[in-house]
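coords.cif (mmCIF, C-alpha atoms and all ligand atoms) appears below.
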```cif
data_upload
#
loop_
_atom_site.label_atom_id
_atom_site.label_comp_id
_atom_site.auth_asym_id
_atom_site.auth_seq_id
_atom_site.Cartn_x
_atom_site.Cartn_y
_atom_site.Cartn_z
CA MET R 849 163.60 130.59 -41.92
CA ILE R 850 165.93 131.10 -38.95
CA ASN R 851 164.87 134.10 -36.84
CA THR R 852 167.56 134.09 -34.15
CA VAL R 853 171.07 135.43 -34.50
CA LEU R 854 173.36 132.41 -34.81
CA ASP R 855 176.78 132.12 -33.27
CA CYS R 856 178.26 130.99 -36.58
CA VAL R 857 177.24 130.38 -40.17
CA ILE R 858 179.58 127.98 -41.92
CA ILE R 859 179.67 128.31 -45.69
CA GLY R 860 180.69 124.96 -47.20
CA GLY R 861 179.98 121.49 -45.89
CA GLY R 862 183.11 119.60 -46.92
CA PRO R 863 185.63 118.11 -44.45
CA ALA R 864 186.59 121.60 -43.19
CA GLY R 865 183.07 122.96 -42.74
CA LEU R 866 181.69 119.81 -41.15
CA THR R 867 184.63 119.43 -38.76
CA ALA R 868 184.08 123.01 -37.59
CA ALA R 869 180.34 122.30 -37.22
CA ILE R 870 181.04 119.28 -34.99
CA TYR R 871 183.42 121.29 -32.80
CA LEU R 872 181.15 124.35 -32.54
CA ALA R 873 178.04 122.30 -31.77
CA ARG R 874 179.99 120.49 -29.07
CA TYR R 875 180.97 123.92 -27.64
CA HIS R 876 177.18 124.45 -27.17
CA LEU R 877 177.09 127.13 -29.87
CA ASN R 878 174.28 127.39 -32.42
CA VAL R 879 175.65 126.79 -35.87
CA LEU R 880 174.26 126.50 -39.40
CA VAL R 881 176.13 124.90 -42.31
CA ILE R 882 175.06 126.04 -45.77
CA ASP R 883 176.50 123.79 -48.44
CA ALA R 884 176.14 123.79 -52.23
CA ASP R 885 177.17 120.10 -52.22
CA CYS R 886 179.62 120.17 -55.12
CA GLY R 887 182.99 120.07 -53.41
CA ARG R 888 186.15 118.08 -53.94
CA ALA R 889 185.68 115.61 -51.08
CA ALA R 890 182.45 114.32 -52.60
CA THR R 891 184.39 113.19 -55.70
CA ILE R 892 186.94 111.01 -53.85
CA PRO R 893 186.35 107.42 -55.03
CA LEU R 894 188.30 105.88 -52.15
CA SER R 895 190.61 107.73 -49.82
CA ARG R 896 193.37 105.50 -48.51
CA ASN R 897 195.40 108.11 -46.62
CA ARG R 898 192.60 109.24 -44.29
CA ALA R 899 193.95 108.03 -40.95
CA GLY R 900 191.70 105.58 -39.12
CA PHE R 901 190.32 103.86 -42.24
CA PRO R 902 192.82 101.10 -43.14
CA GLU R 903 190.58 99.78 -45.94
CA GLY R 904 189.93 103.32 -47.21
CA ILE R 905 186.72 105.34 -47.25
CA SER R 906 184.91 107.09 -50.10
CA GLY R 907 184.37 110.83 -49.93
CA VAL R 908 180.59 110.40 -50.00
CA GLU R 909 180.65 107.93 -47.09
CA LEU R 910 182.97 110.13 -45.03
CA LEU R 911 180.78 113.20 -45.60
CA THR R 912 177.64 111.21 -44.72
CA ARG R 913 179.21 110.17 -41.41
CA MET R 914 180.42 113.69 -40.67
CA ARG R 915 176.96 115.19 -41.39
CA ALA R 916 175.36 112.67 -39.01
CA GLN R 917 177.96 113.52 -36.35
CA ALA R 918 177.37 117.28 -36.72
CA GLU R 919 173.59 116.87 -36.54
CA LYS R 920 173.86 114.56 -33.54
CA TYR R 921 175.28 117.47 -31.51
CA GLY R 922 172.75 120.02 -32.78
CA ALA R 923 174.28 121.64 -35.88
CA THR R 924 171.74 122.54 -38.59
CA LEU R 925 172.68 121.63 -42.17
CA ARG R 926 171.17 123.24 -45.28
CA LYS R 927 171.78 122.47 -48.93
CA ASN R 928 172.05 125.77 -50.77
CA GLN R 929 174.47 128.21 -52.37
CA VAL R 930 175.53 131.35 -50.52
CA VAL R 931 175.51 134.31 -52.89
CA GLN R 932 176.29 137.21 -50.55
CA ILE R 933 177.68 138.10 -47.11
CA GLU R 934 177.25 141.57 -45.68
CA LYS R 935 178.20 143.10 -42.36
CA GLN R 936 175.22 144.86 -40.75
CA GLU R 937 176.38 146.68 -37.61
CA SER R 938 177.61 143.87 -35.34
CA PHE R 939 176.10 140.96 -37.34
CA PHE R 940 176.80 139.20 -40.59
CA SER R 941 173.89 138.74 -42.98
CA THR R 942 174.33 135.71 -45.23
CA ARG R 943 172.05 135.38 -48.23
CA THR R 944 171.41 132.15 -50.14
CA ALA R 945 170.43 131.62 -53.77
CA ALA R 946 166.97 130.67 -52.45
CA GLY R 947 166.64 134.23 -51.07
CA GLU R 948 166.97 133.32 -47.38
CA ASN R 949 168.89 135.73 -45.11
CA VAL R 950 170.57 134.43 -41.97
CA LEU R 951 172.11 136.59 -39.24
CA SER R 952 175.17 135.45 -37.30
CA ARG R 953 177.90 136.79 -35.05
CA THR R 954 180.64 135.06 -37.05
CA VAL R 955 181.09 133.38 -40.43
CA LEU R 956 183.46 130.56 -41.31
CA LEU R 957 184.34 130.25 -44.96
CA ALA R 958 185.09 126.62 -45.93
CA THR R 959 184.28 126.81 -49.62
CA GLY R 960 187.25 124.92 -51.06
CA VAL R 961 188.61 125.17 -54.59
CA PHE R 962 187.70 124.01 -58.08
CA ASN R 963 190.28 122.00 -60.02
CA ARG R 964 190.62 123.23 -63.62
CA ARG R 965 189.74 120.32 -65.87
CA PRO R 966 191.18 119.03 -69.11
CA ARG R 967 189.00 119.54 -72.18
CA MET R 968 186.68 116.52 -72.30
CA PRO R 969 182.94 115.85 -72.02
CA GLU R 970 181.69 116.29 -68.43
CA ALA R 971 180.16 112.80 -68.19
CA LEU R 972 183.41 111.20 -69.39
CA HIS R 973 185.39 113.36 -66.96
CA ASP R 974 183.24 112.38 -63.99
CA GLU R 975 183.35 108.69 -64.86
CA ALA R 976 187.14 108.83 -65.27
CA VAL R 977 187.47 110.45 -61.80
CA ALA R 978 185.06 107.94 -60.23
CA ARG R 979 187.15 105.08 -61.69
CA SER R 980 190.47 106.67 -60.58
CA LEU R 981 191.65 106.91 -64.19
CA LEU R 982 191.73 110.69 -63.90
CA ARG R 983 193.30 111.86 -60.63
CA TYR R 984 193.68 115.25 -59.01
CA CYS R 985 195.65 114.49 -55.90
CA PRO R 986 199.12 112.89 -56.25
CA ILE R 987 199.77 113.31 -52.52
CA CYS R 988 196.66 111.21 -51.82
CA ASP R 989 196.81 108.45 -54.39
CA ALA R 990 200.16 108.25 -56.22
CA TYR R 991 200.91 105.17 -54.13
CA GLU R 992 198.27 103.30 -56.14
CA ILE R 993 200.02 103.94 -59.47
CA THR R 994 203.41 102.69 -58.28
CA ASP R 995 205.39 101.23 -61.24
CA ARG R 996 202.56 101.96 -63.70
CA ARG R 997 202.49 104.14 -66.82
CA ILE R 998 201.06 107.59 -66.10
CA ALA R 999 200.67 111.00 -67.75
CA VAL R 1000 200.54 114.51 -66.36
CA VAL R 1001 198.54 117.08 -68.36
CA GLY R 1002 200.04 120.53 -68.11
CA THR R 1003 203.19 122.51 -68.65
CA GLY R 1004 205.41 125.13 -66.99
CA ASP R 1005 206.53 124.89 -63.37
CA ARG R 1006 203.24 123.34 -62.24
CA GLY R 1007 203.32 120.52 -64.79
CA VAL R 1008 207.02 119.88 -64.20
CA ASN R 1009 206.72 119.86 -60.39
CA GLU R 1010 203.83 117.40 -60.50
CA SER R 1011 205.71 115.14 -62.97
CA VAL R 1012 208.82 115.19 -60.79
CA PHE R 1013 206.74 114.35 -57.70
CA LEU R 1014 205.10 111.41 -59.48
CA ARG R 1015 208.43 110.18 -60.87
CA SER R 1016 209.33 108.89 -57.40
CA PHE R 1017 206.45 106.40 -57.71
CA THR R 1018 207.05 105.18 -61.26
CA THR R 1019 209.73 105.40 -63.96
CA ASP R 1020 207.12 105.82 -66.72
CA VAL R 1021 205.89 109.43 -66.62
CA THR R 1022 204.90 111.53 -69.66
CA LEU R 1023 204.22 115.27 -69.42
CA ILE R 1024 201.59 116.15 -72.04
CA SER R 1025 200.74 119.73 -72.94
CA HIS R 1026 197.02 120.53 -72.76
CA GLU R 1027 197.28 122.87 -75.75
CA MET R 1028 199.67 122.37 -78.68
CA GLY R 1029 203.23 123.09 -77.51
CA HIS R 1030 204.92 123.39 -74.11
CA ASP R 1031 206.05 126.43 -72.14
CA LEU R 1032 209.20 125.03 -70.53
CA THR R 1033 212.39 126.80 -69.47
CA GLY R 1034 215.75 125.16 -70.23
CA GLN R 1035 216.03 124.41 -66.51
CA ASN R 1036 212.69 122.60 -66.54
CA VAL R 1037 213.62 120.59 -69.64
CA ALA R 1038 216.82 119.56 -67.85
CA ARG R 1039 214.89 118.57 -64.67
CA LEU R 1040 212.62 116.33 -66.74
CA ALA R 1041 215.52 114.87 -68.74
CA ARG R 1042 217.54 114.02 -65.60
CA ARG R 1043 214.62 111.91 -64.37
CA GLY R 1044 213.75 110.32 -67.72
CA ILE R 1045 210.33 112.01 -67.86
CA LYS R 1046 209.00 112.05 -71.44
CA ILE R 1047 207.68 115.25 -73.00
CA ASP R 1048 204.71 115.20 -75.40
CA SER R 1049 203.70 118.48 -77.07
CA GLY R 1050 199.97 117.68 -77.03
CA PRO R 1051 197.30 118.79 -77.54
CA PHE R 1052 195.73 116.48 -74.97
CA GLU R 1053 192.57 114.63 -75.96
CA CYS R 1054 190.89 111.86 -73.97
CA LEU R 1055 189.69 109.14 -76.35
CA GLY R 1056 187.89 106.99 -73.79
CA LEU R 1057 188.22 104.55 -70.90
CA PHE R 1058 189.14 100.87 -70.81
CA ASP R 1059 188.79 98.57 -67.80
CA ASP R 1060 191.84 99.90 -65.99
CA GLU R 1061 193.38 102.31 -68.51
CA ILE R 1062 192.61 105.65 -70.06
CA ALA R 1063 193.18 106.23 -73.80
CA VAL R 1064 194.74 109.51 -74.87
CA ARG R 1065 195.50 111.12 -78.24
CA THR R 1066 198.02 113.82 -79.04
CA ALA R 1067 199.60 114.95 -82.30
CA ALA R 1068 202.22 112.22 -81.73
CA GLY R 1069 199.59 109.43 -81.75
CA ASN R 1070 197.42 107.33 -79.43
CA MET R 1071 198.56 106.10 -75.99
CA VAL R 1072 197.10 104.37 -72.95
CA PHE R 1073 197.91 105.15 -69.32
CA ALA R 1074 197.01 103.68 -65.94
CA ALA R 1075 196.08 107.21 -64.86
CA VAL R 1076 196.20 110.81 -66.02
CA TYR R 1077 196.89 113.65 -63.56
CA PRO R 1078 195.70 117.09 -64.71
CA ALA R 1079 198.07 119.79 -63.41
CA LEU R 1080 196.14 122.80 -64.70
CA GLY R 1081 195.73 124.72 -61.45
CA SER R 1082 192.68 125.59 -59.37
CA ASP R 1083 190.16 128.38 -58.96
CA ILE R 1084 189.79 129.34 -55.31
CA HIS R 1085 186.24 129.87 -54.00
CA SER R 1086 187.17 133.03 -52.12
CA GLU R 1087 184.92 135.63 -53.83
CA LEU R 1088 182.73 135.98 -50.71
CA ALA R 1089 185.79 136.85 -48.60
CA ALA R 1090 186.91 139.32 -51.25
CA SER R 1091 183.48 140.98 -51.28
CA LEU R 1092 184.01 141.89 -47.60
CA GLY R 1093 187.50 143.16 -48.35
CA ALA R 1094 189.32 140.27 -46.61
CA GLU R 1095 192.90 140.02 -47.75
CA ARG R 1096 193.78 137.46 -50.41
CA PRO R 1097 196.91 137.38 -52.57
CA ASP R 1098 197.09 136.85 -56.34
CA ASP R 1099 196.56 133.08 -56.14
CA GLY R 1100 193.15 133.76 -54.53
CA CYS R 1101 193.66 131.85 -51.27
CA VAL R 1102 192.28 133.66 -48.22
CA ILE R 1103 194.96 134.95 -45.84
CA VAL R 1104 194.48 133.92 -42.20
CA ASP R 1105 196.39 134.25 -38.96
CA ARG R 1106 197.44 131.21 -36.93
CA HIS R 1107 193.92 130.99 -35.48
CA GLN R 1108 192.28 130.98 -38.94
CA ARG R 1109 191.04 134.58 -38.57
CA THR R 1110 190.89 136.50 -41.84
CA SER R 1111 191.75 140.20 -41.98
CA PHE R 1112 187.98 140.95 -41.69
CA LEU R 1113 186.84 140.87 -38.04
CA GLY R 1114 184.49 137.95 -37.37
CA LEU R 1115 185.24 136.16 -40.65
CA TYR R 1116 187.29 132.96 -40.39
CA ALA R 1117 188.45 130.54 -43.12
CA ALA R 1118 189.61 126.91 -43.21
CA GLY R 1119 190.35 124.14 -45.69
CA ASP R 1120 191.45 124.33 -49.30
CA VAL R 1121 190.23 127.95 -49.57
CA VAL R 1122 193.24 128.81 -47.37
CA PHE R 1123 196.77 128.17 -48.64
CA GLY R 1124 197.93 124.72 -47.52
CA LEU R 1125 198.41 121.09 -48.41
CA ASP R 1126 194.95 120.70 -50.01
CA GLN R 1127 194.36 117.54 -47.99
CA MET R 1128 191.48 116.49 -45.76
CA SER R 1129 193.74 116.10 -42.74
CA HIS R 1130 194.94 119.69 -43.12
CA ALA R 1131 191.42 121.01 -43.80
CA MET R 1132 190.09 119.28 -40.69
CA GLY R 1133 193.00 120.51 -38.56
CA GLN R 1134 192.47 124.10 -39.66
CA ALA R 1135 188.73 123.74 -39.00
CA GLY R 1136 189.35 122.57 -35.42
CA VAL R 1137 191.58 125.61 -34.86
CA ALA R 1138 189.02 127.96 -36.47
CA ALA R 1139 186.13 126.59 -34.40
CA THR R 1140 188.09 126.99 -31.17
CA ALA R 1141 189.10 130.54 -32.09
CA ILE R 1142 185.46 131.36 -32.88
CA ARG R 1143 184.38 129.97 -29.51
CA ASN R 1144 187.07 131.88 -27.62
CA ASP R 1145 186.50 135.16 -29.51
CA LEU R 1146 182.73 134.99 -28.91
CA GLU R 1147 183.30 134.29 -25.23
CA GLU R 1148 185.67 137.27 -25.01
CA GLN R 1149 183.10 139.57 -26.68
CA ALA R 1150 180.34 138.34 -24.35
CA ALA R 1151 182.56 138.98 -21.32
CA LEU R 1152 183.13 142.60 -22.43
CA LEU R 1153 179.35 143.16 -22.50
CA ARG R 1154 178.79 141.74 -19.01
C1 LIG G 1201 189.59 113.20 -56.92
C2 LIG G 1201 190.14 113.70 -55.59
C3 LIG G 1201 190.65 112.80 -54.67
C4 LIG G 1201 191.14 113.23 -53.46
N1 LIG G 1201 191.60 112.31 -52.57
C5 LIG G 1201 191.99 112.71 -51.34
C6 LIG G 1201 192.45 111.76 -50.37
O1 LIG G 1201 192.47 110.56 -50.62
N2 LIG G 1201 192.86 112.23 -49.18
C7 LIG G 1201 192.85 113.59 -48.86
O2 LIG G 1201 193.21 113.94 -47.75
N3 LIG G 1201 192.42 114.48 -49.75
C8 LIG G 1201 191.99 114.10 -50.98
N4 LIG G 1201 191.58 115.03 -51.88
C9 LIG G 1201 191.60 116.46 -51.49
C10 LIG G 1201 190.36 116.76 -50.62
O3 LIG G 1201 189.20 116.46 -51.35
C11 LIG G 1201 190.34 118.22 -50.19
O4 LIG G 1201 191.59 118.61 -49.62
C12 LIG G 1201 189.23 118.46 -49.18
O5 LIG G 1201 187.99 118.07 -49.73
C13 LIG G 1201 189.18 119.92 -48.74
O6 LIG G 1201 188.08 120.09 -47.90
P1 LIG G 1201 187.28 121.49 -47.91
O7 LIG G 1201 186.17 121.30 -46.94
O8 LIG G 1201 188.21 122.61 -47.76
O9 LIG G 1201 186.70 121.63 -49.41
P2 LIG G 1201 185.62 120.77 -50.22
O10 LIG G 1201 185.66 119.35 -49.89
O11 LIG G 1201 185.85 121.14 -51.65
O12 LIG G 1201 184.23 121.34 -49.72
C14 LIG G 1201 183.86 122.67 -49.97
C15 LIG G 1201 182.34 122.76 -49.92
O13 LIG G 1201 181.95 124.14 -50.00
C16 LIG G 1201 180.81 124.23 -50.84
N5 LIG G 1201 180.71 125.60 -51.36
C17 LIG G 1201 181.57 126.29 -52.15
N6 LIG G 1201 181.09 127.54 -52.40
C18 LIG G 1201 179.90 127.61 -51.74
C19 LIG G 1201 178.93 128.63 -51.62
N7 LIG G 1201 179.08 129.83 -52.19
N8 LIG G 1201 177.81 128.38 -50.90
C20 LIG G 1201 177.63 127.17 -50.29
N9 LIG G 1201 178.53 126.16 -50.37
C21 LIG G 1201 179.65 126.39 -51.09
C22 LIG G 1201 181.06 123.18 -51.91
O14 LIG G 1201 179.85 122.82 -52.57
C23 LIG G 1201 181.67 122.05 -51.09
O15 LIG G 1201 180.67 121.15 -50.62
C24 LIG G 1201 191.11 114.62 -53.13
C25 LIG G 1201 190.61 115.55 -54.06
C26 LIG G 1201 190.12 115.09 -55.28
C27 LIG G 1201 189.56 116.09 -56.27
#
```
Now, as a test, write the supplied structure out as structure tokens.
Ligand SMILES: Cc1cc2nc3c(=O)[nH]c(=O)nc-3n(C[C@H](O)[C@H](O)[C@H](O)COP(=O)(O)OP(=O)(O)OC[C@H]3O[C@@H](n4cnc5c(N)ncnc54)[C@H](O)[C@@H]3O)c2cc1C
Amino acid sequence: MINTVLDCVIIGGGPAGLTAAIYLARYHLNVLVIDADCGRAATIPLSRNRAGFPEGISGVELLTRMRAQAEKYGATLRKNQVVQIEKQESFFSTRTAAGENVLSRTVLLATGVFNRRPRMPEALHDEAVARSLLRYCPICDAYEITDRRIAVVGTGDRGVNESVFLRSFTTDVTLISHEMGHDLTGQNVARLARRGIKIDSGPFECLGLFDDEIAVRTAAGNMVFAAVYPALGSDIHSELAASLGAERPDDGCVIVDRHQRTSFLGLYAAGDVVFGLDQMSHAMGQAGVAATAIRNDLEEQAALLR
């Protein structure tokens, strides 16, 4: 139980939340990170585009190092799920699933997103991700499938855009519909055709995993690929921001100003939950900006009371 009013409660302990915790703790502010521990970073088998790690680093290892760094400077870390935030006069009250209430002057939302998954058993899905046979981040890891045979699961603009992006790494790209039949405009069919991207009407089914390939079945037959990229969209973890009335557009990402302030005074947001590149570098950059804005805004408020 924390009895004092904290300077900041950070909801989410991924790259964004932990970066902000390191900055805030090093600004001599008291900060608590509450993390449900089921974010995207924890599923990264080996990140090779995280600057400073030429041999790559796994998501789990990076998070372990970041937690140690945050704690070293005095941040408190808790594993739990936040279920509610309320504004009580000048403080936020954050409630966890365990029933704990924490008071703070500010809240930083760093809750990330959830990638919609193809239909397949959860254990098979998780093993395929851990073995890089199922991939969610072409920007991060398309380099590793250069000149190999890959599939994108999806349709419409999202499926086509991801296929076109991946086509610059390999000539062998197949766009497979998750359900039976595609939803493609004539323009999209032409974009795929110009690049020699194959179209398979689905429905997508994962048959199993080989050493370095993933087996797939559609109505057209069985195939193997070096990797499959689901392009089925994401669900944004922004419900807590919405419950306070903070602005978010139809896609669900929280709207922030250039200092990561949401439209609700005292509530800040950083990382994938905010519209952006959905990359660790971007999440960490936003978190550094958010933490500095929190520090400066708190200092400004304190000066007004002097
Ligand atoms: C398979 C895969 C590979 C990737 N590879 C790379 C890569 O190589 N390089 C790269 O830059 N990016 C990569 N990414 C993208 C990267 O993971 C994200 O951009 C990054 O993790 C975003 O950081 P974040 O802190 O915003 O969100 P997350 O890492 O998703 O962390 C959000 C945290 O908030 C917590 N949370 C959510 N709701 C609540 C709640 N209500 N209460 C408490 N806690 C909550 C979650 O449990 C989670 O721990 C990859 C993504 C995937 C899926």
Checklist entry - For Ile987 in chain R, which of R:Ala1063, R:Asp1020, R:Asn897, R:Val1000 is the closest residue, counting only C-alpha atoms? => result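 Using only C-alpha atoms, the shortest distance to Ile987 in chain R belongs to R:Asn897.
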Taking 3 positions as the minimum chain separation for residues in the same chain, which residues sit within 6 Å of Thr1003 in chain R when counting only C-alpha atoms? Answer as an MDAnalysis selection string. chainID R and resid 1007 1025 1030:1031
Using the file's own x, y and z axes, so that the box edges lie along x, y and z, what centre and edge lengths in Å (one decimal) does a box around every listed atom of ligand LIG 1201 (chain G) get when 4 Å is added on each side? Give it as AutoDock Vina command-line options.
```
--center_x 185.4 --center_y 120.2 --center_z -51.9 --size_x 23.6 --size_y 27.3 --size_z 18.0
```
Polymer residues at most 12 Å from Asp1105 in chain R, all atoms listed in the file, same-chain spacing of 6 or more positions, as an mmCIF file with C-alpha atoms, in the frame of the given file:
```
data_model
loop_
_atom_site.group_PDB
_atom_site.id
_atom_site.type_symbol
_atom_site.label_atom_id
_atom_site.label_comp_id
_atom_site.auth_asym_id
_atom_site.auth_seq_id
_atom_site.Cartn_x
_atom_site.Cartn_y
_atom_site.Cartn_z
ATOM 1 C CA GLU R 1095 192.900 140.020 -47.750
ATOM 2 C CA SER R 1111 191.750 140.200 -41.980
ATOM 3 C CA PHE R 1112 187.980 140.950 -41.690
ATOM 4 C CA LEU R 1113 186.840 140.870 -38.040
ATOM 5 C CA LEU R 1115 185.240 136.160 -40.650
ATOM 6 C CA TYR R 1116 187.290 132.960 -40.390
ATOM 7 C CA ALA R 1117 188.450 130.540 -43.120
ATOM 8 C CA ALA R 1118 189.610 126.910 -43.210
ATOM 9 C CA VAL R 1122 193.240 128.810 -47.370
ATOM 10 C CA PHE R 1123 196.770 128.170 -48.640
ATOM 11 C CA GLN R 1134 192.470 124.100 -39.660
ATOM 12 C CA VAL R 1137 191.580 125.610 -34.860
ATOM 13 C CA ALA R 1138 189.020 127.960 -36.470
ATOM 14 C CA ALA R 1141 189.100 130.540 -32.090
#
```
| Using only C-alpha atoms, which residues sit within 6 Å of Leu982 in chain R once same-chain residues fewer than 3 positions away are excluded, as a list in words? |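 So the residues in contact are Ala976, Val977, Ala1075, Val1076 and Tyr1077 of chain R.
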Exercise. Calculate how many Å separate CA of Arg926 in chain R from CA of Gly865 in chain R, rounding to one decimal.
Key: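 For CA of Arg926 in chain R relative to CA of Gly865 in chain R, the distance reads 12.2 Å.
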Margin query: I'd like to know which of R:Val950, R:Ala958, R:Ala1150, R:Ile933 is closest to Ala1135 in chain R, using all atoms listed in the file.
Written below: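 Smallest distance to Ala1135 in chain R is found for R:Ala958.
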Hey, which residues sit close to ligand LIG 1201 (chain G)? Say within 7 Å, counting only C-alpha atoms and all ligand atoms, and write them as a ChimeraX atom specification. /R:859-865,882-898,928-931,958-961,977,983-985,988-989,1085,1118-1121,1126-1129,1131
Counting all atoms listed in the file, the residue among R:Asn1009, R:Glu1053, R:Ile1045, R:Arg996 that lies closest to Leu972 in chain R is R:Glu1053
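Take CA of His973 in chain R and CA of Cys1054 in chain R: the distance between them is 9.0 Å.
You will find CA of Asp1083 in chain R at 19.6 Å from CA of Val1008 in chain R.
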Q. Which one of R:Leu951, R:Ala868, R:Ala916, R:Ala1090 sits closest to Thr1140 in chain R if you count only C-alpha atoms?
A.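 Comparing R:Leu951, R:Ala868, R:Ala916, R:Ala1090 against Thr1140 in chain R, the winner is R:Ala868.
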> Closest to Val1037 in chain R among R:Gly1004, R:Gly1133, R:Gly1124, R:Pro1051, using only C-alpha atoms?
Replying inline: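 Looking only at the distances to Val1037 in chain R, the closest residue turns out to be R:Gly1004.
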